[in-house]
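One structure is given below, encoded as C-alpha cells.
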Amino acid sequence: MSLWVDKYRPRELGKLDYHLEQANQLKKMVEYGDFPHLLVYGPSGAGKKTRIMCLLRELYGPGVERLRIEHQNFETPSRKKLEIITIASNYHLEVNPSDVGFYDRVVIQELIKTVASAQQLDTSGQREFKVVILTEVDKLTKDAQHALRRTMEKYSATCRLILCANSTSKVIPPIRSRCLGIRVAAPSLETIAQVLQTVCKKEGLSLPPELARKIGEKSNRNLRRALLMCEACKVQHYPFNPQQEVSVPDWETFLQGTAAKIIEEQSPKRLLEVRERIYELLTHCIPPDIIFKGLLKELVRNCDGELKCEVTRLAAYHEHRLNLGSKAIYHIEAFISAFMAIYKKFLEESMAAMF
Amino acid sequence: MVKRLSYICEEENVKYEDGALEVVIETSEGDLRRAITTLQSAARLRSGENIKRQDVYEITGVIPEKWLDELFIVCATDSYEKLSDFLNSMMIEGYSASQIMNQIHDRIISHDRLADLQKAAIFERLAICDHRLLEGGDEFLQVLDLCCTIMKQLCHST
C-alpha cells in the first residue's frame with residue numbers, strides 16, 4: 001500500500017490543485033519547445049518536485065515515470081572513493097549532490113559532463129536535450145556552485161538544468177541570473193483543507209471541515225506533512241471526530257518538554273539534564289536549526305517584550321556560530337546557558353521590584 | 001538602457017506592457033546583462049503575449065510592496081508574537097531572506113519617522129544579520145533578529 005502523499009500526487013501540469021496560473025505559464029513555455037535553466041524555489045512541502053515531474057512529463061511523455069536507481073562511483077583528485085545515488089529515466093537524471101558533503105564539486109562536474117557529452121540517441125520526436133535535476137542547491141558549497149555556473153554555460157546545448165532549492169538566499173547571484181526563477185509558495189490553509197477533502201473523498205472517507213483546518217494549521221502549511229498527518233489520524237481513529245487530537249511528531253513534544261524544563265529551573269544541574277535531552281534529539285537526526293527555532297518559540301512565551309528581543313538576538317547569534325563550528329551541542333548549550341542567565345536575572349529583578 | 005531593451009524587443013518581436021521595461025531596469029540595478037536575461041526569461045514565460053510588470057517582479061523575486069507595508073505596520077504594533085507569525089507566513093510564501101533585507105534597507109533609508117541615529121542602529125544590525133546569513137545562518141532567525149531591532153527603534157526610542 002502506498003502512502004497518500006505518493007498515491008494522489010498530480011502527474012500532469014493540468015491536474016495541479018493550486019498556483020494554476022503558474023502551471024499554465026509553464027505549460028506554454030514547454031509547448032514552445034525549449035526552455036531555459038530553471039531554479040525552482042519554495043518552502044518544503046509546497047510542491048516543487050511535483051511541479052518538476054509534471055513539467056518533465058509534459059516534455060517527454062509518460063516515459064519519465066519509469067525510474068531506475070543507480071549507484072555511481074567517483075574518485076576525487078585525492079583518490080578518495082565516493083558513491084552517490086542517482087534516480088534516472090531515459091530522459092532525465094536526478095541527483096542530490098549535497099549527499100557527498102564536501103566533495104560535491106567533483107560530483108557535479110563529472111556527472112554533468114557524462115550526461116551532457118552523450119547526445120540523445122533518437123532525436124526524432126524527442127527533445128535534443130536531457131534534463132538534470134539537482135536538489136538542495138542551497139546546501140551546495142560555494143565551490144560547487146561556481147563549478148556549476150561554468151558547466152551551465154558550457155553544455156547549454158545538450159542539457160538543461162532544473163535546480164531545486166528552499167531559498168535563493170544561499171544560491172550565488174551568477175547562478176540566479178542564469179536561471180528562470182520559479183517561486184512555489186506554500187498553499188494557503190483553504191487550499192490544504194480542500195486537497196485533504198478531495199483525497200479523503202477518493203479514499204471513500206468523510207473528513208469534517210474543522211479537522212481538515214486543524215491539520216492544515218498544525219502542518220505549518222506544508223502539504224506533504226498535512227497529508228501524512230491526515231493519514232495518521234485515520235489510522236488512529238476512524239470515523240473522524242472533529243475534536244480529535246492531531247498527533248504531532250514525538251520530537252516536537254519532546255522539544256517542548258525540554259523548553260519547559262529550562263523555564264522551570266536555572267541551575268548547572270538542570271543544564272546537565274537539558275544537555276542529555278538535546279543529545280537525545282541530535283542522535284535522532286533532528287537538525288540543529290530546527291532545535292533552535294523550536295526552543296526560541298517556546299522560551300519567548302515566558303518573557304516580556306524587551307526580553308524577547310534579547311533572546312531572539314541570542315538565538316540568532318548562536319545559530320550563526322553553529323554553522324561555522326563543527327559540533328552542534330556546544331552552541332545549543334551556550335544558547336541555553338546564556339538564556340538561563342538572563343532569564344534568572346529577569347526573574348530576580350521582577351521579584352525585587354515587587355517588594 | 002531603455003533604448004537598448006526596446007531595440008531587442010523589436011528585433012525579437014516581443015510585446016510588453018507600458019512601464020514593463022522600466023521595471024526590468026529598476027530590478028536589475030543598472031546591470032545590462034541581468035536586464036537582458038530578465039527580459040528573455042519574461043518573454044519565454046509569456047511566449048507571445050504581453051509582458052506585464054507583475055511578471056518581471058515575479059521572475060526577479062522582488063517582494064510586492066504590500067508585504068513590506070504590512071511588515072512595517074506589524075513592527076509598529078510592538079507585539080513580538082504578531083511579528084514572528086507574520087515573518088513566518090512571509091517566509092512560507094517563498095520570499096528569500098536576502099531579498100527581504102534588501103527591501104527593508106531601501107525602506108529604512110527613506111523612512112521619515114526615524115532619526116538618523118536610529119537608522120544607524122538598524123543598519124548596524126542589518127549588516128550583522130546579512131553577514132551571518134551569508135555564512136549560513138538560519139534565514140528566519142536572522143530576519144527576526146533584524147525586525148526586533150526595527151521594532152525596538154520604532155516603539156521604544158527614548
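Identifiers for the C-alpha cells are assigned positionally: chains receive A, B, ... in sequence, residues are indexed from 1 per chain, and ligands are indexed from 1 in the order shown.
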Point to revise | Check: which chain A residues lie within 8 Å of chain B using only C-alpha atoms, as number ranges by chain | key: A: 25-26, 28-29, 32, 35-36, 41-43, 166-170, 177-178, 180-186, 221, 289, 293, 305, 308-309, 312-313, 315-316, 319-321, 323-324
Atoms kept (N, CA and C atoms) for selection, written as a CSV table (one decimal), in the first residue's frame:
chain,number,residue,atom,x,y,z
A,25,GLN,N,1.5,28.9,-17.3
A,25,GLN,CA,2.7,29.5,-18.0
A,25,GLN,C,3.8,28.5,-18.3
A,26,LEU,N,4.0,27.6,-17.3
A,26,LEU,CA,5.0,26.5,-17.5
A,26,LEU,C,4.6,25.7,-18.8
A,28,LYS,N,2.8,26.5,-21.3
A,28,LYS,CA,3.0,27.2,-22.6
A,28,LYS,C,4.5,27.3,-22.9
A,29,MET,N,5.3,27.4,-21.9
A,29,MET,CA,6.7,27.5,-22.1
A,29,MET,C,7.3,26.2,-22.7
A,32,TYR,N,6.3,25.6,-26.3
A,32,TYR,CA,7.2,26.4,-27.2
A,32,TYR,C,8.4,25.7,-27.6
A,35,PHE,N,13.3,25.4,-23.2
A,35,PHE,CA,13.2,26.3,-22.0
A,35,PHE,C,14.6,26.5,-21.4
A,36,PRO,N,14.7,27.6,-20.7
A,36,PRO,CA,16.0,28.0,-20.1
A,36,PRO,C,16.2,27.1,-18.9
A,41,TYR,N,12.1,27.4,-6.4
A,41,TYR,CA,12.4,27.5,-5.0
A,41,TYR,C,11.1,27.8,-4.3
A,42,GLY,N,11.1,27.4,-3.0
A,42,GLY,CA,9.9,27.5,-2.1
A,42,GLY,C,10.1,26.7,-0.9
A,43,PRO,N,9.3,26.8,0.1
A,43,PRO,CA,9.4,26.1,1.4
A,43,PRO,C,9.1,24.6,1.1
A,166,ASN,N,15.4,25.5,-1.3
A,166,ASN,CA,14.4,26.0,-0.4
A,166,ASN,C,14.4,27.5,-0.4
A,167,SER,N,15.5,28.1,-0.6
A,167,SER,CA,15.5,29.6,-0.7
A,167,SER,C,16.7,30.0,-1.6
A,168,THR,N,16.5,31.2,-2.2
A,168,THR,CA,17.5,31.7,-3.1
A,168,THR,C,18.6,32.4,-2.3
A,169,SER,N,18.5,32.6,-1.0
A,169,SER,CA,19.5,33.4,-0.3
A,169,SER,C,20.9,32.8,-0.4
A,170,LYS,N,20.9,31.4,-0.4
A,170,LYS,CA,22.2,30.8,-0.4
A,170,LYS,C,22.6,30.3,-1.8
A,177,SER,N,21.1,34.5,-11.8
A,177,SER,CA,20.9,35.3,-13.0
A,177,SER,C,20.9,34.5,-14.3
A,178,ARG,N,21.4,33.2,-14.2
A,178,ARG,CA,21.4,32.4,-15.4
A,178,ARG,C,20.1,31.5,-15.5
A,180,LEU,N,15.8,30.9,-14.9
A,180,LEU,CA,14.5,31.5,-14.7
A,180,LEU,C,14.0,31.0,-13.4
A,181,GLY,N,13.8,32.0,-12.5
A,181,GLY,CA,13.4,31.6,-11.1
A,181,GLY,C,11.9,31.4,-11.1
A,182,ILE,N,11.5,30.3,-10.5
A,182,ILE,CA,10.1,30.0,-10.3
A,182,ILE,C,9.8,29.8,-8.8
A,183,ARG,N,9.0,30.7,-8.3
A,183,ARG,CA,8.7,30.6,-6.9
A,183,ARG,C,7.4,29.8,-6.6
A,184,VAL,N,7.6,28.8,-5.8
A,184,VAL,CA,6.4,28.0,-5.4
A,184,VAL,C,6.1,28.3,-4.0
A,185,ALA,N,5.1,29.1,-3.8
A,185,ALA,CA,4.7,29.4,-2.4
A,185,ALA,C,3.9,28.3,-1.8
A,186,ALA,N,4.0,28.2,-0.4
A,186,ALA,CA,3.2,27.2,0.2
A,186,ALA,C,1.7,27.4,0.0
A,221,ARG,N,1.4,24.8,7.0
A,221,ARG,CA,1.1,25.0,5.5
A,221,ARG,C,2.1,24.1,4.7
A,289,ASP,N,19.1,23.5,13.5
A,289,ASP,CA,18.4,24.8,13.3
A,289,ASP,C,16.9,24.7,13.7
A,293,LYS,N,15.0,26.9,16.5
A,293,LYS,CA,13.7,27.6,16.3
A,293,LYS,C,12.7,27.1,17.2
A,305,GLY,N,8.3,41.8,26.6
A,305,GLY,CA,8.7,42.4,25.4
A,305,GLY,C,10.2,42.6,25.2
A,308,LYS,N,12.2,39.4,25.1
A,308,LYS,CA,12.0,38.6,23.9
A,308,LYS,C,13.0,38.9,22.8
A,309,CYS,N,13.2,40.3,22.6
A,309,CYS,CA,14.1,40.7,21.6
A,309,CYS,C,15.5,40.2,21.9
A,312,THR,N,15.9,36.6,21.2
A,312,THR,CA,16.0,36.4,19.7
A,312,THR,C,17.4,36.7,19.2
A,313,ARG,N,17.9,37.7,19.8
A,313,ARG,CA,19.3,38.1,19.4
A,313,ARG,C,20.3,37.0,19.8
A,315,ALA,N,19.6,33.8,20.1
A,315,ALA,CA,19.4,32.7,19.3
A,315,ALA,C,20.1,32.9,17.9
A,316,ALA,N,19.9,34.1,17.3
A,316,ALA,CA,20.5,34.4,16.0
A,316,ALA,C,22.0,34.3,16.1
A,319,GLU,N,23.1,30.6,16.6
A,319,GLU,CA,22.8,29.7,15.5
A,319,GLU,C,23.8,30.0,14.3
A,320,HIS,N,24.2,31.2,14.2
A,320,HIS,CA,25.2,31.5,13.2
A,320,HIS,C,26.5,30.9,13.5
A,321,ARG,N,26.9,30.9,14.8
A,321,ARG,CA,28.2,30.3,15.2
A,321,ARG,C,28.1,28.8,15.0
A,323,ASN,N,26.8,27.3,12.6
A,323,ASN,CA,27.0,27.0,11.2
A,323,ASN,C,28.5,27.0,10.9
A,324,LEU,N,29.2,27.8,11.7
A,324,LEU,CA,30.7,27.9,11.4
A,324,LEU,C,31.4,26.8,12.1
Practice item. Would you list the contacts of Val195 (chain A) as a VMD selection string, taking every protein, DNA or RNA residue within 10 Å and counting only C-alpha atoms, but skipping same-chain residues closer than 2 positions in sequence? Key: chain A and resid 8 17 to 18 187 189 to 193 197 to 201 212 223 226 to 227
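The two atoms in question, CA of Gln109 (chain A) and CA of Glu70 (chain A), are spaced 17.7 Å apart.
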Exercise for review: Would you mind reading off the distance between CA of Val131 (chain A) and CA of Arg160 (chain A), one decimal, in Å?
Suggested key: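 Here the two named atoms are 4.8 Å from each other.
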Review point. What is the CA of Leu163 (chain A) to CA of Leu39 (chain A) distance in Å?
Key: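 Interatomic distance here is 4.7 Å.
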Point to revise | alpha helix (DSSP H) positions in region 34-136 of chain B, given as a VMD selection string | key: chain B and resid 34 to 46 53 to 60 65 to 76 80 to 92 97 to 109 116 to 134
Review point. Using only C-alpha atoms, which of A:Ile69, A:Cys159, A:Ala260, A:Ile108 sits nearest Thr135 (chain A)?
Key: A:Ile108
Practice item. Would you kindly return, as a ChimeraX atom specification, each protein, DNA or RNA residue with an atom no farther than 8 Å from any atom of region 119-126 of chain B, considering only C-alpha atoms and excluding same-chain residues fewer than 5 positions away? Key: /B:101,105,108-109,114,146,149-150,153
Check your understanding: Hey, which of B:Glu17, B:Asp106, B:Glu11, B:Asp116 ends up closest to Val56 (chain B)? Count only C-alpha atoms.
Key ->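 The closest residue to Val56 (chain B) is B:Glu17.
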Point to revise | Shell of 7 Å around Lys15 (chain B), only C-alpha atoms, local chain residues under 2 positions omitted, as a ChimeraX atom specification | key: /B:9,13,49-51
Just the selected residues (C-alpha atoms), exported as a PDB file, in the first residue's frame, please.
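Saved as result.pdb:
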ATOM      1  CA  CYS B   9      12.205  43.690 -28.081  1.00  0.00           C
ATOM      2  CA  ASN B  13       9.155  40.615 -31.715  1.00  0.00           C
ATOM      3  CA  GLU B  49       1.782  37.606 -25.028  1.00  0.00           C
ATOM      4  CA  ASN B  50       2.346  40.992 -23.481  1.00  0.00           C
ATOM      5  CA  ILE B  51       4.927  41.076 -20.728  1.00  0.00           C
TER       6      ILE B  51
END
Review point. Got a sec: who's within 10 Å of Tyr330 (chain A), counting only C-alpha atoms, leaving out chain neighbours fewer than 6 positions off, as JSON, numbers by chain?
Key: {"A": [275, 318, 321, 322, 336]}
Review point. Of the candidates A:His19, A:Lys130, A:Arg270, A:Arg224, which shows the shortest atom-to-atom distance to His37 (chain A), using only C-alpha atoms?
Key: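 Looking at the shortest contact to His37 (chain A), the residue is A:Lys130.
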